Every structure is written in C-alpha cells, then in structure tokens.
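Structure first, commentary second.
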Amino acid sequence: MPLLHYGHINILTFDIEDWYHINYPQLDFRIYDRKEDHSLLLSAVKKILLFLEERRVQATFFILGRIAEKRPEIVSCIEEKGHEIAIHGYEHYLLKDIGKERFKQEIGKCIEIFEKINGKIPKGFRAPSWSATPWLFDVLREMGIEYDASVFPVKTPLYGIPDAPRYPFFIEACSDPESSSRESNNLLEIPTSTYKMLGKNIAFSGGVFFKIFPWRVIERAIHKIKMEGLPLIFFFHPWDLWNRPGKLPGFRTRFMFDLKIGNVEERFHKVIDSLPMRSIASVLKDLKNGTQVVSGFKFQVPG
Ligand SMILES: [Zn+2]
C-alpha cells in the first residue's frame with residue numbers, strides 16, 4: 001500500500017437514475033422512458049436534499065443526461081443546495097455496448113445539457129454499472145473531464161476490476177505512452193471503497209452490498225479502511241433507500257435488485273451521522289496532491 005494519507009476523507013455520492021435503469025439484464029430504457037416523467041424520482045431527490053441540508057452535508061450527484069434533459073429541475077434543485085453535479089452517462093447503457101464513438105458523442109451532449117441548466121461544466125464522471133473500458137480515460141481527458149469514478153476494485157458476476165488499486169491514482173494516457181508527467185495524465189481515478197478480507201476485496205459502501213450487510217459489518221469495514229489511511233467513498237441510489245415505484249421484469253431481476261435486509265434508510269442515516277461527509281469537488285485538490293501515476297494498469301473488463 002504506497003499511500004496512507006487519505007484517512008480524513010469521506011466522500012458521499014449518489015447516482016441519479018430512475019427505478020428501471022438496470023443493466024443486468026439490459027432493459028430497453030426507451031420503452032420505460034416514453035412513459036416516465038421522473039416525478040417520483042424528483043420527490044426522492046428532494047427528500048435526500050432535505051436530509052443532507054439538516055446535517056449540513058455536501059455530496060456529489062452523478063446524474064444521467066437524459067434525466068437532466070427531461071427534468072432539468074432535478075439538476076437545479078441539487079445545484080441550489082450547493083452540491084456537486086457530475087455525469088453518469090446519458091441513458092445508462094454499458095460503455096462496451098455503446099462503443100467509443102457513441103460514448104464520446106453522449107458525453108458531449110451531457111456536458112451541453114448540464115451547462116445549459118446551471119452554467120457549469122461537470123468535473124466528474126461515473127460509468128453506468130462501473131462499466132469502465134480501456135478507452136474510457138482517453139475520451140474523458142479529451143472531453144475536459146477532471147476525474148473518473150468508474151473503477152470498482154471488486155469481483156462480482158456483474159462488474160468490477162478486482163486488481164485495480166484501492167486508492168486514488170492517475171492512469172497513464174493510452175494514447176501517449178511516452179508521457180509520464182502528472183500534467184499530461186491529469187485525469188484522476190477515484191475507485192469506490194472496498195475492504196480487504198482474507199486477501200479479497202469486499203464491497204460494502206452502497207448499492208446491493210449496503211442493502212444486505214448489517215451495520216456491524218459496515219462499521220468494521222469503515223474502521224479497516226480508516227486504519228489503512230484510504231478515503232471512504234459511499235454511493236447510493238434513491239431506490240436503494242426506498243422501494244422502487246415500478247415493477248422490474250422477472251423474479252430473478254427483482255430478487256437481485258430489490259433485496260433488502262433490515263432497515264436500509266436507518267443504516268444510511270447512521271453512516272451520514274457518524275462521518276463528516278464531503279463532495280468529491282471539495283476534496284479534489286487533496287486527492288490530487290501526492291497521488292501517483294499508475295503505469296501498465298490493465299483492465300480486465302468482465303464480459
Ligand atoms: Zn447507475
């Protein structure tokens with residue numbers, strides 16, 4: 001473990017997508033998109049914002065471009081409360097399914113949508129379902145994005161890059177292998193938190209993992225990560241905290257995505273109340289200081 005100085009950093013993030021934005025199996029989002037006006041999502045976001053305001057906590061919200069386009073007030077009400085707006089893709093398709101060229105166009109479109117709503121260009125990106133590809137980082141650099149949060153150093157049947165570093169790092173530019181200066185590799189990667197158990201990386205800080213683990217497991221994971229001096233990065237979706245307003249197709253899908261053990265909302269409150277949480281933008285400088293370029297990092301993208 002080369003870096004041990006991020007222990008004071010606790011990051012809170014949300015992925016703002018609707019109840020049907022799941023990729024396993026890949027749903028045809030356009031069928032749902034035609035009928036959905038995202039009113040319930042807006043109410044859920046407002047509930048989150050009120051909770052954060054009461055606790056004076058600021059977070060990063062990775063938002064789908066399509067949702068921002070249809071309901072710009074979702075972006076503006078988040079922005080008005082001083083939180084960071086970042087990009088979660090346009091429609092939530094996996095990056096390998098849309099390919100490099102379409103992804104590039106969609107990132108351009110997202111930047112335009114967000115800039116039109118709040119006059120700011122987002123600094124960060126997180127891929128739908130952590131679907132990072134080897135070409136992702138070059139495209140983000142080219143589009144002026146400062147950091148990526150698409151790497152999940154964990155092995156699951158659905159996603160994850162288990163051999164990726166568990167600490168923030170700069171990824172060497174694929175298109176310019178000769179260059180190794182920080183200035184030319186200034187896209188920062190901020191991997192989602194995992195903790196080590198019996199040599200394996202275990203996820204706990206959001207999504208299905210947070211929904212099934214009891215508080216004592218989460219508390220222990222937080223402690224272990226703090227002892228290593230790593231930053232804590234939590235990720236939540238509105239429908240992790242409350243029930244989905246629509247019914248996902250298929251029993252297996254519903255089981256996988258709607259399974260909850262215990263009171264998830266209560267655990268969420270405990271996390272926020274026990275740690276001083278920040279947005280990524282507010283700690284970006286700290287994260288960049290001292291972070292190193294990781295050379296020769298190879299992506300094993302699950303098929
Ligand atoms: Zn997502």
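Residue numbers start at 1 in each chain; chains themselves are named A, B, ... in the order of the structure tokens; ligands are numbered from 1 in the order shown.
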
Collect all residues with atoms no farther than 6 Å from ligand 1, counting only C-alpha atoms and all ligand atoms, and output them as a ChimeraX atom specification. /A:15,128-129

Neighbour list for A:Pro168 as a VMD selection string, cut-off 8 Å, only C-alpha atoms, skip fewer than 6 positions in-chain: chain A and resid 188 to 191 287 291

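Atom pair atom CA of A:Arg56 / atom CA of A:Val283 has a distance of 16.1 Å (rounded to one decimal).
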
With distances taken over only C-alpha atoms, the candidate from A:Phe204, A:Tyr93, A:Phe114, A:Tyr167 nearest A:Pro72 is A:Phe114

Sel. of strand (DSSP E or B) residues, stretch 5-73 of chain A, as a ChimeraX atom specification: /A:10-16,23,26,60-63
